[in-house]
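Novice: Can you read through this structure? Questions will come right after.
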Amino acid sequence: MGKYFLKFSFIGTLYRGLQKHSNRNILDSDSVQGAIETGLLTLYPKPVSKARLYLTSRTDSGVHVLYTIAHIILENKYNTLYDSEVIIKQLNRFFTKTSHFIRILECIPVVDEFSSKEIVNSKTYIYRFMIAKKYDEQRVPILETCHTYHLRSKTFDIERIKQGTQLFMGLKDFRTFAGNSKKLTDLKYVRNLNTLSIEEAQPLMPFDELSTNFDYWHIVVSSKGFLYNQVRRIATALLGLGTGKINEKDINIMLQVPSNQNWNQHLQVLPAHGLHLVKVDYDLDKLEQFMIENKSNNY
C-alpha cells in the first residue's frame with residue numbers, strides 16, 4: 001500500500017463541498033474530494049483499486065480553501081511508490097484540462113501508520129465582506145462577487161463588532177452556532193477559539209475602478225477544529241450586532257442557553273461564498289517522522 005501526504009487548494013464556487021456526498025465507491029466529480037479521486041485514476045501505472053482521499057476538513061458548497069491537508073492511498077500492480085512530482089504534475093494537468101479549480105501544492109510519500117488528522121494543530125478561516133461607502137451603491141466589482149459578501153447597512157458599527165468578538169472567547173458551548181448534522185451524533189459542542197478578530201482588508205483587484213467604492217473587512221477565526229456552520233454563524237452574529245439586528249445580550253443568550261432551537265430568528269446565516277479556509281497549521285516535525293525518501297521508478 002502506498003500512502004501520501006497531500007496539500008491542496010481550490011475555489012469552491014462550482015463544487016457541492018469538499019467532501020463527497022454519494023456512496024464512497026461512486027465517482028463524484030461535483031465535490032472536490034471526488035474530483036481529486038477521479039484525477040488519481042489517470043496516473044500511470046493505473047491504481048489497482050480505487051484511490052481514496054482522507055480529509056482533515058469539511059467545507060460547504062461555495063466555500064474556498066487557500067490550503068488544506070489530507071492523505072491519499074494509492075496501490076499499483078508493481079507495489080511501488082509513485083513519484084511525488086509526477087502525481088502533482090499529472091493531477092494539476094488533469095484539473096486544467098477538465099476545468100476544475102483545484103491545485104495540488106505538495107505531495108510526500110509517508111509510511112502506512114501516518115494519518116493527516118493526527119498532525120493538525122489548528123485551522124484558520126476568514127469571512128470576507130465589504131460595505132459600500134455610499135449606501136445605494138449597487139455596482140459590485142466582478143471579482144468580489146464569488147469571494148466577498150456584500151453587506152448593505154446604514155447603521156454599520158465596526159467598533160461594536162470588534163468589542164463583540166470578546167463574547168465568543170474562552171470555553172463556550174457552541175451548540176446554538178452549529179448547523180444540524182444528521183450523520184454525527186457524538187459531537188463535542190464545548191470548544192475554545194484560539195483567536196477571533198476583525199481586520200481591515202484590501203480589494204482583490206485594486207485595478208477595478210469600482211473597488212474604491214467599498215470598504216473591505218475580514219472576520220478571522222482560528223481553533224483546533226470547528227462545528228458544521230460554526231464560523232458562518234459566528235460571523236452572522238457579529239454582523240448582526242454591527243448592524244443593530246441583535247445586541248450583546250442576544251449573543252450571550254445563544255451562548256449561555258445552548259440549543260439547536262435557540263438561534264436568533266432575526267439572523268439569516270451568511271452565504272458560503274465569503275468563507276475561506278486560509279490554512280491548516282500542522283506539526284511539521286511529526287510529518288517528518290513519517291516521511292519516506294521518494295525515489296523515482298521506471299515502469
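We label chains A, B, ... in the order they appear in the C-alpha cells, count residues from 1 in each chain, and number ligands from 1 in the order shown.
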Counting only C-alpha atoms, what is within 7 Å of range 76-80 of chain A, bar same-chain residues fewer than 5 positions away, as a PDB file with C-alpha atoms, in the first residue's frame?
Specialist:
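Written out: result_34.pdb:
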ATOM      1  CA  PRO A  45       0.593   2.797 -13.754  1.00  0.00           C
ATOM      2  CA  LYS A  46      -3.132   2.845 -13.128  1.00  0.00           C
ATOM      3  CA  PRO A  47      -4.110   2.193  -9.496  1.00  0.00           C
ATOM      4  CA  VAL A  48      -5.286  -1.392  -8.993  1.00  0.00           C
TER       5      VAL A  48
END
Novice: Among range 73-285 of chain A, which residues carry a DSSP assignment of strand (DSSP E or B), reported as a PyMOL selection string?
Specialist: chain A and resi 73-74+102-110+120-132+149-151+171-173+190-201+214-223+275-282
Novice: From the options A:Val86, A:Leu193, A:Ile102, A:Leu187, which residue's atoms come nearest to Ala35 in chain A, counting only C-alpha atoms?
Specialist: A:Ile102
Novice: Counting only C-alpha atoms, which of A:Phe156, A:Tyr82, A:Phe214, A:Tyr67 gets nearest to Ala201 in chain A?
Specialist: A:Phe214
Novice: I'd like the interatomic distance between CA of Thr59 in chain A and CA of Gln268 in chain A, to a tenth of an Å.
Specialist: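 Separation of CA of Thr59 in chain A and CA of Gln268 in chain A: 18.9 Å.
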Novice: Of the candidates A:Ser197, A:Thr176, A:Gln90, A:Asn229, which shows the shortest atom-to-atom distance to Trp217 in chain A, using only C-alpha atoms?
Specialist: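 With only C-alpha atoms as the atom set, the closest residue is A:Ser197.
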Novice: As a PyMOL selection string, which residues of range 137-250 of chain A does DSSP assign to helix (DSSP H, G or I)?
Specialist: chain A and resi 142-144+158-168+175-177+209-213+230-242+248-250
Novice: Write the residues of the preceding selection, restricted to N, CA and C atoms, as an mmCIF file, in the first residue's frame.
Specialist:
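What landed in out02.cif:
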data_model
loop_
_atom_site.group_PDB
_atom_site.id
_atom_site.type_symbol
_atom_site.label_atom_id
_atom_site.label_comp_id
_atom_site.auth_asym_id
_atom_site.auth_seq_id
_atom_site.Cartn_x
_atom_site.Cartn_y
_atom_site.Cartn_z
ATOM 1 N N ILE A 142 -16.523 42.820 -10.114
ATOM 2 C CA ILE A 142 -16.902 41.485 -10.566
ATOM 3 C C ILE A 142 -16.132 40.380 -9.846
ATOM 4 N N LEU A 143 -14.854 40.600 -9.545
ATOM 5 C CA LEU A 143 -14.060 39.552 -8.910
ATOM 6 C C LEU A 143 -14.498 39.290 -7.478
ATOM 7 N N GLU A 144 -15.174 40.276 -6.874
ATOM 8 C CA GLU A 144 -15.609 40.113 -5.483
ATOM 9 C C GLU A 144 -16.876 39.270 -5.364
ATOM 10 N N ILE A 158 -18.410 49.250 13.196
ATOM 11 C CA ILE A 158 -17.276 48.331 13.231
ATOM 12 C C ILE A 158 -16.715 48.177 14.638
ATOM 13 N N GLU A 159 -16.748 49.236 15.439
ATOM 14 C CA GLU A 159 -16.206 49.153 16.799
ATOM 15 C C GLU A 159 -17.037 48.211 17.665
ATOM 16 N N ARG A 160 -18.324 48.208 17.437
ATOM 17 C CA ARG A 160 -19.187 47.302 18.202
ATOM 18 C C ARG A 160 -18.881 45.849 17.858
ATOM 19 N N ILE A 161 -18.582 45.590 16.589
ATOM 20 C CA ILE A 161 -18.206 44.230 16.185
ATOM 21 C C ILE A 161 -16.897 43.828 16.846
ATOM 22 N N LYS A 162 -15.918 44.733 16.841
ATOM 23 C CA LYS A 162 -14.624 44.426 17.456
ATOM 24 C C LYS A 162 -14.790 44.068 18.925
ATOM 25 N N GLN A 163 -15.600 44.822 19.630
ATOM 26 C CA GLN A 163 -15.857 44.515 21.039
ATOM 27 C C GLN A 163 -16.647 43.214 21.189
ATOM 28 N N GLY A 164 -17.536 42.964 20.231
ATOM 29 C CA GLY A 164 -18.373 41.767 20.291
ATOM 30 C C GLY A 164 -17.600 40.471 20.132
ATOM 31 N N THR A 165 -16.429 40.520 19.504
ATOM 32 C CA THR A 165 -15.639 39.295 19.338
ATOM 33 C C THR A 165 -15.286 38.674 20.691
ATOM 34 N N GLN A 166 -15.159 39.512 21.723
ATOM 35 C CA GLN A 166 -14.770 39.002 23.041
ATOM 36 C C GLN A 166 -15.860 38.133 23.677
ATOM 37 N N LEU A 167 -17.096 38.264 23.206
ATOM 38 C CA LEU A 167 -18.187 37.454 23.744
ATOM 39 C C LEU A 167 -17.984 35.970 23.448
ATOM 40 N N PHE A 168 -17.215 35.659 22.411
ATOM 41 C CA PHE A 168 -17.034 34.270 21.976
ATOM 42 C C PHE A 168 -15.762 33.626 22.524
ATOM 43 N N ARG A 175 -23.350 24.964 20.748
ATOM 44 C CA ARG A 175 -24.453 24.178 20.184
ATOM 45 C C ARG A 175 -25.386 25.050 19.328
ATOM 46 N N THR A 176 -25.678 26.266 19.789
ATOM 47 C CA THR A 176 -26.564 27.152 19.036
ATOM 48 C C THR A 176 -25.928 27.579 17.717
ATOM 49 N N PHE A 177 -24.604 27.569 17.661
ATOM 50 C CA PHE A 177 -23.886 28.046 16.483
ATOM 51 C C PHE A 177 -23.477 26.906 15.555
ATOM 52 N N GLU A 209 -11.857 49.920 -11.081
ATOM 53 C CA GLU A 209 -12.199 51.235 -10.545
ATOM 54 C C GLU A 209 -13.368 51.194 -9.573
ATOM 55 N N LEU A 210 -14.206 50.150 -9.667
ATOM 56 C CA LEU A 210 -15.337 50.035 -8.741
ATOM 57 C C LEU A 210 -14.882 49.662 -7.332
ATOM 58 N N SER A 211 -13.670 49.110 -7.209
ATOM 59 C CA SER A 211 -13.211 48.630 -5.902
ATOM 60 C C SER A 211 -13.072 49.757 -4.887
ATOM 61 N N THR A 212 -12.857 50.977 -5.362
ATOM 62 C CA THR A 212 -12.679 52.105 -4.447
ATOM 63 C C THR A 212 -13.997 52.548 -3.812
ATOM 64 N N ASN A 213 -15.096 51.988 -4.268
ATOM 65 C CA ASN A 213 -16.407 52.378 -3.726
ATOM 66 C C ASN A 213 -16.783 51.601 -2.466
ATOM 67 N N GLN A 230 -20.269 26.571 12.067
ATOM 68 C CA GLN A 230 -19.918 27.387 13.227
ATOM 69 C C GLN A 230 -19.328 28.742 12.834
ATOM 70 N N VAL A 231 -18.400 28.765 11.913
ATOM 71 C CA VAL A 231 -17.737 30.016 11.548
ATOM 72 C C VAL A 231 -18.732 30.982 10.907
ATOM 73 N N ARG A 232 -19.544 30.479 10.009
ATOM 74 C CA ARG A 232 -20.523 31.353 9.346
ATOM 75 C C ARG A 232 -21.541 31.907 10.336
ATOM 76 N N ARG A 233 -21.922 31.103 11.318
ATOM 77 C CA ARG A 233 -22.897 31.585 12.307
ATOM 78 C C ARG A 233 -22.269 32.606 13.264
ATOM 79 N N ILE A 234 -21.016 32.419 13.604
ATOM 80 C CA ILE A 234 -20.335 33.427 14.420
ATOM 81 C C ILE A 234 -20.250 34.741 13.639
ATOM 82 N N ALA A 235 -19.852 34.655 12.365
ATOM 83 C CA ALA A 235 -19.774 35.853 11.520
ATOM 84 C C ALA A 235 -21.150 36.505 11.372
ATOM 85 N N THR A 236 -22.179 35.692 11.219
ATOM 86 C CA THR A 236 -23.546 36.205 11.101
ATOM 87 C C THR A 236 -23.942 36.988 12.340
ATOM 88 N N ALA A 237 -23.639 36.427 13.512
ATOM 89 C CA ALA A 237 -23.983 37.104 14.769
ATOM 90 C C ALA A 237 -23.221 38.419 14.913
ATOM 91 N N LEU A 238 -21.952 38.424 14.539
ATOM 92 C CA LEU A 238 -21.160 39.648 14.656
ATOM 93 C C LEU A 238 -21.664 40.733 13.711
ATOM 94 N N LEU A 239 -22.008 40.365 12.482
ATOM 95 C CA LEU A 239 -22.549 41.364 11.556
ATOM 96 C C LEU A 239 -23.944 41.805 11.994
ATOM 97 N N GLY A 240 -24.699 40.878 12.576
ATOM 98 C CA GLY A 240 -25.998 41.258 13.131
ATOM 99 C C GLY A 240 -25.843 42.261 14.260
ATOM 100 N N LEU A 241 -24.804 42.088 15.058
ATOM 101 C CA LEU A 241 -24.507 43.028 16.136
ATOM 102 C C LEU A 241 -24.100 44.379 15.563
ATOM 103 N N GLY A 242 -23.246 44.367 14.547
ATOM 104 C CA GLY A 242 -22.746 45.605 13.971
ATOM 105 C C GLY A 242 -23.774 46.397 13.191
ATOM 106 N N GLU A 248 -25.743 42.594 22.329
ATOM 107 C CA GLU A 248 -24.824 41.713 23.053
ATOM 108 C C GLU A 248 -25.574 40.702 23.911
ATOM 109 N N LYS A 249 -26.694 41.106 24.473
ATOM 110 C CA LYS A 249 -27.491 40.193 25.291
ATOM 111 C C LYS A 249 -27.996 39.013 24.462
ATOM 112 N N ASP A 250 -28.397 39.281 23.236
ATOM 113 C CA ASP A 250 -28.884 38.208 22.362
ATOM 114 C C ASP A 250 -27.803 37.169 22.107
#
Novice: As a ChimeraX atom specification, please: the residues near Glu293 in chain A (cut-off 9 Å, only C-alpha atoms, same-chain neighbours under 4 positions excluded).
Specialist: /A:108-110
